[in-house]
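Shown next: run-v4.csv, given as CSV, C-alpha atoms and all ligand atoms.
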```
chain,number,residue,atom,x,y,z
A,1,MET,CA,7.7,-15.7,12.0
A,2,SER,CA,6.6,-12.1,11.9
A,3,PHE,CA,6.2,-9.9,8.8
A,4,ARG,CA,9.4,-8.1,7.8
A,5,ALA,CA,9.6,-5.1,5.5
A,6,THR,CA,13.0,-4.0,4.1
A,7,ILE,CA,12.9,-0.6,2.3
A,8,LEU,CA,15.6,0.5,-0.1
A,9,THR,CA,15.7,4.3,-0.2
A,10,LEU,CA,17.8,7.4,-0.5
A,11,TYR,CA,15.7,8.8,2.4
A,12,PRO,CA,15.7,6.3,5.3
A,13,GLU,CA,14.7,9.0,7.7
A,14,MET,CA,11.2,9.0,6.2
A,15,PHE,CA,10.6,5.6,7.9
A,16,PRO,CA,8.7,4.3,9.8
A,17,GLY,CA,6.9,7.6,9.5
A,18,HIS,CA,3.2,7.3,10.5
A,19,LEU,CA,3.6,3.5,10.8
A,20,GLY,CA,5.5,4.2,14.1
A,21,THR,CA,2.3,5.5,15.6
A,22,SER,CA,-1.2,4.2,16.4
A,23,LEU,CA,-2.1,0.6,15.9
A,24,ALA,CA,0.8,-0.1,13.4
A,25,GLY,CA,3.3,1.4,15.9
A,26,LYS,CA,2.0,-0.7,18.8
A,27,ALA,CA,2.0,-3.8,16.7
A,28,MET,CA,5.6,-3.0,15.8
A,29,GLU,CA,6.5,-2.7,19.5
A,30,ARG,CA,4.9,-6.0,20.1
A,31,GLY,CA,7.1,-7.6,17.5
A,32,GLN,CA,4.2,-8.4,15.1
A,33,TRP,CA,6.0,-6.8,12.2
A,34,SER,CA,9.3,-5.0,11.7
A,35,LEU,CA,10.8,-2.6,9.3
A,36,ASP,CA,14.4,-2.0,8.3
A,37,THR,CA,15.9,0.4,5.8
A,38,VAL,CA,18.8,0.2,3.4
A,39,GLN,CA,20.5,3.4,2.3
A,40,ILE,CA,21.0,3.0,-1.5
A,41,ARG,CA,23.8,5.5,-1.4
A,42,ASP,CA,25.9,3.2,0.8
A,43,PHE,CA,26.3,1.0,-2.3
A,44,ALA,CA,27.9,3.7,-4.5
A,45,THR,CA,31.6,3.2,-5.0
A,46,ASP,CA,32.9,6.6,-6.2
A,47,ARG,CA,34.3,9.3,-4.1
A,48,HIS,CA,31.1,11.4,-4.5
A,49,ARG,CA,28.8,8.5,-3.7
A,50,THR,CA,26.9,9.0,-7.0
A,51,VAL,CA,23.6,7.2,-7.3
A,52,ASP,CA,22.2,8.8,-10.4
A,53,ASP,CA,23.2,9.8,-13.9
A,54,THR,CA,21.8,11.5,-17.0
A,55,PRO,CA,19.2,9.6,-19.1
A,56,ALA,CA,20.5,7.8,-22.2
A,57,GLY,CA,18.9,9.5,-25.2
A,58,GLY,CA,18.7,12.8,-23.4
A,59,GLY,CA,15.8,14.5,-21.7
A,60,ALA,CA,15.1,16.0,-18.3
A,61,GLY,CA,16.0,14.6,-14.9
A,62,MET,CA,18.2,11.9,-13.7
A,63,VAL,CA,18.0,8.1,-13.6
A,64,LEU,CA,19.0,5.8,-10.6
A,65,LYS,CA,22.1,3.8,-11.7
A,66,PRO,CA,21.5,0.1,-12.2
A,67,ASP,CA,24.9,-1.1,-10.6
A,68,VAL,CA,24.4,0.8,-7.4
A,69,LEU,CA,20.8,-0.2,-7.0
A,70,ALA,CA,21.5,-3.8,-7.8
A,71,ARG,CA,24.2,-4.0,-5.1
A,72,ALA,CA,21.7,-2.6,-2.6
A,73,ILE,CA,19.0,-5.1,-3.7
A,74,ASP,CA,21.5,-8.1,-3.6
A,75,HIS,CA,22.5,-7.0,-0.1
A,76,ALA,CA,18.9,-6.8,1.1
A,77,SER,CA,17.8,-10.1,-0.5
A,78,GLU,CA,20.6,-12.4,0.4
A,79,ASN,CA,19.2,-15.8,1.4
A,80,ASP,CA,15.8,-14.3,1.2
A,81,ASN,CA,12.8,-15.0,-1.0
A,82,ARG,CA,10.5,-12.2,-0.1
A,83,PRO,CA,8.8,-10.5,-3.1
A,84,ARG,CA,10.9,-7.6,-4.5
A,85,LEU,CA,8.7,-4.7,-5.3
A,86,LEU,CA,9.4,-1.4,-7.0
A,87,MET,CA,7.1,1.5,-6.3
A,88,SER,CA,6.3,2.9,-9.8
A,89,PRO,CA,3.5,4.8,-11.5
A,90,ARG,CA,3.9,2.4,-14.4
A,91,GLY,CA,3.2,-0.6,-12.2
A,92,LYS,CA,0.1,-2.7,-11.8
A,93,PRO,CA,-2.4,-0.6,-9.7
A,94,LEU,CA,-2.4,-1.9,-6.1
A,95,THR,CA,-5.6,-3.8,-5.1
A,96,GLN,CA,-6.8,-5.1,-1.7
A,97,LYS,CA,-6.4,-8.6,-3.2
A,98,ARG,CA,-2.7,-8.0,-3.8
A,99,VAL,CA,-2.4,-6.5,-0.3
A,100,ARG,CA,-3.9,-9.7,1.2
A,101,GLU,CA,-1.5,-11.9,-0.7
A,102,LEU,CA,1.5,-9.9,0.4
A,103,ALA,CA,0.2,-9.8,4.0
A,104,SER,CA,0.0,-13.6,4.1
A,105,GLY,CA,3.7,-13.9,3.2
A,106,ASP,CA,6.9,-13.5,5.2
A,107,GLY,CA,7.4,-9.8,4.2
A,108,VAL,CA,8.4,-7.6,1.3
A,109,ILE,CA,11.5,-5.8,0.0
A,110,ILE,CA,10.5,-2.5,-1.4
A,111,VAL,CA,12.6,-0.3,-3.7
A,112,CYS,CA,11.7,3.4,-3.7
A,113,GLY,CA,12.4,5.2,-6.9
A,114,ARG,CA,13.5,8.9,-7.1
A,115,PHE,CA,14.2,11.3,-10.0
A,116,GLU,CA,12.9,10.1,-13.3
A,117,GLY,CA,12.9,6.5,-12.1
A,118,VAL,CA,15.3,3.6,-12.2
A,119,ASP,CA,17.4,2.0,-15.1
A,120,GLN,CA,15.1,-0.6,-16.8
A,121,ARG,CA,17.9,-3.2,-16.7
A,122,VAL,CA,17.8,-3.5,-12.9
A,123,ILE,CA,14.0,-3.9,-13.1
A,124,ASP,CA,14.5,-6.8,-15.5
A,125,GLY,CA,17.7,-8.2,-14.0
A,126,ARG,CA,16.4,-8.3,-10.4
A,127,ASP,CA,12.8,-9.3,-11.3
A,128,LEU,CA,11.2,-6.3,-9.6
A,129,GLU,CA,7.4,-6.2,-9.5
A,130,GLU,CA,6.3,-2.7,-10.3
A,131,VAL,CA,3.4,-1.5,-8.0
A,132,SER,CA,1.5,1.7,-8.5
A,133,ILE,CA,-0.7,3.4,-5.9
A,134,GLY,CA,-2.7,5.4,-8.4
A,135,ASP,CA,-2.7,7.4,-11.6
A,136,TYR,CA,-0.7,10.4,-10.4
A,137,ILE,CA,3.0,11.2,-10.0
A,138,LEU,CA,4.8,11.5,-6.6
A,139,SER,CA,8.2,12.9,-6.2
A,140,GLY,CA,9.5,9.6,-4.8
A,141,GLY,CA,8.5,6.0,-3.9
A,142,GLU,CA,8.7,6.6,-0.1
A,143,PRO,CA,5.1,7.8,0.5
A,144,ALA,CA,3.9,5.1,-1.8
A,145,ALA,CA,5.8,2.4,0.1
A,146,LEU,CA,4.3,3.8,3.4
A,147,ILE,CA,0.8,3.5,1.9
A,148,LEU,CA,1.4,-0.1,0.7
A,149,LEU,CA,2.8,-1.1,4.1
A,150,ASP,CA,-0.1,0.6,5.9
A,151,ALA,CA,-2.6,-1.5,3.9
A,152,ILE,CA,-0.6,-4.7,4.7
A,153,VAL,CA,0.1,-4.1,8.4
A,154,ARG,CA,-3.5,-3.3,9.4
A,155,ILE,CA,-4.6,-6.7,8.2
A,156,LEU,CA,-1.8,-8.7,9.8
A,157,PRO,CA,-3.3,-11.1,12.5
A,158,GLY,CA,-3.8,-9.3,15.8
A,159,VAL,CA,-2.9,-5.8,14.6
A,160,MET,CA,-6.4,-4.3,14.5
A,161,GLY,CA,-8.2,-4.2,17.8
A,162,ASN,CA,-11.3,-5.8,16.4
A,163,ASP,CA,-10.3,-8.3,13.8
A,164,LEU,CA,-13.9,-8.5,12.4
A,165,SER,CA,-13.9,-4.9,11.4
A,166,GLY,CA,-11.7,-5.8,8.4
A,167,LEU,CA,-14.3,-8.1,6.9
A,168,HIS,CA,-17.0,-5.7,5.8
A,169,GLU,CA,-14.9,-2.9,4.3
A,170,SER,CA,-14.9,-1.4,0.9
A,171,PHE,CA,-13.6,-3.8,-1.8
A,172,GLU,CA,-13.5,-6.9,0.5
A,173,GLY,CA,-16.8,-8.1,-1.0
A,174,GLY,CA,-16.2,-6.4,-4.4
A,175,LEU,CA,-18.4,-3.5,-3.3
A,176,LEU,CA,-17.9,-0.1,-1.7
A,177,GLU,CA,-19.0,0.0,1.9
A,178,HIS,CA,-22.4,1.2,3.1
A,179,PRO,CA,-22.6,4.6,5.0
A,180,HIS,CA,-22.0,4.7,8.7
A,181,TYR,CA,-23.8,6.6,11.5
A,182,THR,CA,-23.4,7.1,15.2
A,183,ARG,CA,-25.0,9.1,18.0
A,184,PRO,CA,-26.6,11.7,18.3
A,185,GLN,CA,-29.8,10.3,16.9
A,186,ILE,CA,-30.6,13.7,15.3
A,187,TRP,CA,-27.8,16.0,14.2
A,188,GLU,CA,-28.5,19.4,12.6
A,189,GLY,CA,-31.9,18.0,11.8
A,190,ARG,CA,-30.6,14.9,10.0
A,191,GLU,CA,-31.7,11.6,11.5
A,192,ILE,CA,-30.0,8.2,11.5
A,193,PRO,CA,-32.0,5.9,9.1
A,194,ALA,CA,-34.7,4.3,11.2
A,195,VAL,CA,-33.8,0.8,10.1
A,196,LEU,CA,-30.5,1.0,11.8
A,197,THR,CA,-32.1,1.6,15.2
A,198,SER,CA,-34.9,-1.0,14.6
A,199,GLY,CA,-33.0,-3.9,16.2
A,200,ASN,CA,-34.1,-6.0,13.2
A,201,HIS,CA,-30.7,-7.6,12.2
A,202,ALA,CA,-31.9,-9.1,9.0
A,203,ALA,CA,-33.4,-5.8,7.9
A,204,ILE,CA,-30.2,-4.0,8.8
A,205,ALA,CA,-28.1,-6.4,6.8
A,206,ARG,CA,-30.4,-6.1,3.8
A,207,TRP,CA,-30.4,-2.3,4.0
A,208,GLN,CA,-26.6,-2.2,4.2
A,209,ARG,CA,-26.3,-4.5,1.3
A,210,GLU,CA,-28.6,-2.4,-0.8
A,211,GLN,CA,-26.8,0.8,0.1
A,212,ALA,CA,-23.5,-0.8,-0.8
A,213,GLU,CA,-24.8,-1.9,-4.2
A,214,GLN,CA,-26.3,1.4,-5.0
A,215,LEU,CA,-23.2,3.3,-4.0
A,216,THR,CA,-21.0,1.0,-6.1
A,217,ARG,CA,-23.4,1.4,-9.1
A,218,GLU,CA,-23.2,5.2,-8.8
A,219,ARG,CA,-19.5,5.6,-8.1
A,220,ARG,CA,-17.6,2.6,-9.2
A,221,PRO,CA,-19.5,0.6,-11.9
A,222,ASP,CA,-16.2,-0.9,-12.9
A,223,LEU,CA,-16.2,-2.9,-9.7
A,224,LEU,CA,-19.5,-4.5,-10.5
A,225,GLU,CA,-18.3,-5.3,-14.0
A,226,LYS,CA,-15.3,-7.0,-12.6
A,227,GLN,CA,-17.5,-9.1,-10.3
A,228,SER,CA,-19.9,-10.2,-13.0
A,229,LYS,CA,-16.9,-11.4,-15.1
A,230,LYS,CA,-15.7,-13.6,-12.2
B,1,LIG,N1,9.3,9.6,-14.7
B,1,LIG,C1,8.4,8.7,-14.1
B,1,LIG,C2,8.0,9.2,-12.7
B,1,LIG,C3,9.1,9.3,-11.7
B,1,LIG,S1,8.4,9.8,-10.1
B,1,LIG,C4,7.2,8.4,-15.0
B,1,LIG,O1,6.7,9.3,-15.6
B,1,LIG,O2,6.7,7.2,-14.9
B,1,LIG,C5,9.8,9.3,-9.0
B,1,LIG,C6,9.5,8.0,-8.2
B,1,LIG,O3,8.3,8.2,-7.4
B,1,LIG,C7,9.2,6.8,-9.1
B,1,LIG,O4,10.4,6.1,-9.5
B,1,LIG,C8,8.4,5.9,-8.1
B,1,LIG,O5,9.3,5.2,-7.2
B,1,LIG,C9,7.7,6.9,-7.3
B,1,LIG,N2,6.3,7.1,-7.7
B,1,LIG,C10,5.7,8.2,-8.3
B,1,LIG,N3,4.4,8.1,-8.5
B,1,LIG,C11,4.1,6.8,-8.1
B,1,LIG,C12,2.9,6.1,-8.0
B,1,LIG,N4,1.7,6.6,-8.5
B,1,LIG,N5,2.9,4.9,-7.5
B,1,LIG,C13,4.0,4.4,-6.9
B,1,LIG,N6,5.2,5.0,-7.0
B,1,LIG,C14,5.2,6.2,-7.5
```

Hey, can you dump this file as structure tokens for me?
Ligand code: SAH
Amino acid sequence: MSFRATILTLYPEMFPGHLGTSLAGKAMERGQWSLDTVQIRDFATDRHRTVDDTPAGGGAGMVLKPDVLARAIDHASENDNRPRLLMSPRGKPLTQKRVRELASGDGVIIVCGRFEGVDQRVIDGRDLEEVSIGDYILSGGEPAALILLDAIVRILPGVMGNDLSGLHESFEGGLLEHPHYTRPQIWEGREIPAVLTSGNHAAIARWQREQAEQLTRERRPDLLEKQSKK
């Protein structure tokens, strides 16, 4: 069975977005994954098709109504046990580990928030897993959902041209990746490090490992701390 993503959104026209192009788009054409959208507004019941209302307790902005959103979620997850995610800046920060777990399953149902967010009762009542893509605020969950799906789709079996290239990347070994070089040998007076053109595979591997460790120490010491705690 191929990986299936269902997106609940007020802006279905934002999908598949960039995932309809390049390797992800080709993989979609080959049937290796699929995406469908559910328009949350279709589950409003009043004449004006209202999806939001003012926040209880006052304050700025609007909140997505729990009844409307719950109907959309129930429709999307009938006879379905794919994880139900809510894109949210309050969620657990997304990691490559979680991306791998999700990619190994049947698919995902993703709710994209808008306005100030969604009524807390629908998060609790429908068991939504809140996922954040970083410590900044977007205007809606749609670009966050596209980013999450991008990370998942590229590691689905057979999607990347060279399946091995996923193995050495940043984070996969708990480290940032070493620097890359390609021809020309000298560019604006800067040379490719000699070891990389030495043909000595053991020395190359050692150099790359050292570079990765040094970069991680300088830029992301938190990653090394996490590793030593494992
Ligand atoms: N008032 C909220 C922010 C709402 S932003 C707060 O301060 O927490 C509107 C919607 O954009 C959110 O419901 C969520 O779906 C999405 N969003 C914004 N930033 C995000 C982030 N960093 N990661 C994932 N989704 C995000």

*Counting only C-alpha atoms, which residues come within 7 Å of (4.5, -5.0, -9.7), with the point read in the file's coordinates, and could you list them as an NGL selection string?*
:A and (85-86 or 91-92 or 128-131)

Mind checking which residues fall within 10 Å of Asp42 of chain A, counting all atoms listed in the file, ignoring those fewer than 5 positions away in the same chain, and posting them as an mmCIF file with C-alpha atoms, in the coordinates of the input?
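Output file out26.cif is given in full below:
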```
data_model
loop_
_atom_site.group_PDB
_atom_site.id
_atom_site.type_symbol
_atom_site.label_atom_id
_atom_site.label_comp_id
_atom_site.auth_asym_id
_atom_site.auth_seq_id
_atom_site.Cartn_x
_atom_site.Cartn_y
_atom_site.Cartn_z
ATOM 1 C CA LEU A 10 17.800 7.400 -0.500
ATOM 2 C CA ARG A 49 28.800 8.500 -3.700
ATOM 3 C CA THR A 50 26.900 9.000 -7.000
ATOM 4 C CA VAL A 51 23.600 7.200 -7.300
ATOM 5 C CA VAL A 68 24.400 0.800 -7.400
ATOM 6 C CA LEU A 69 20.800 -0.200 -7.000
ATOM 7 C CA ARG A 71 24.200 -4.000 -5.100
ATOM 8 C CA ALA A 72 21.700 -2.600 -2.600
#
```

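Reported to one decimal place, the separation of atom CA of Pro157 of chain A from atom CA of Arg30 of chain A is 12.3 Å.
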
*Tell me, in Å to one decimal, how far atom CA of Gly158 of chain A is from atom CA of Gln32 of chain A.*
8.1 Å

_Distance filter 6 Å around ligand LIG 1 (chain B), atoms: only C-alpha atoms and all ligand atoms, out as a PyMOL selection string_ = chain A and resi 87-90+112-117+132-141+144
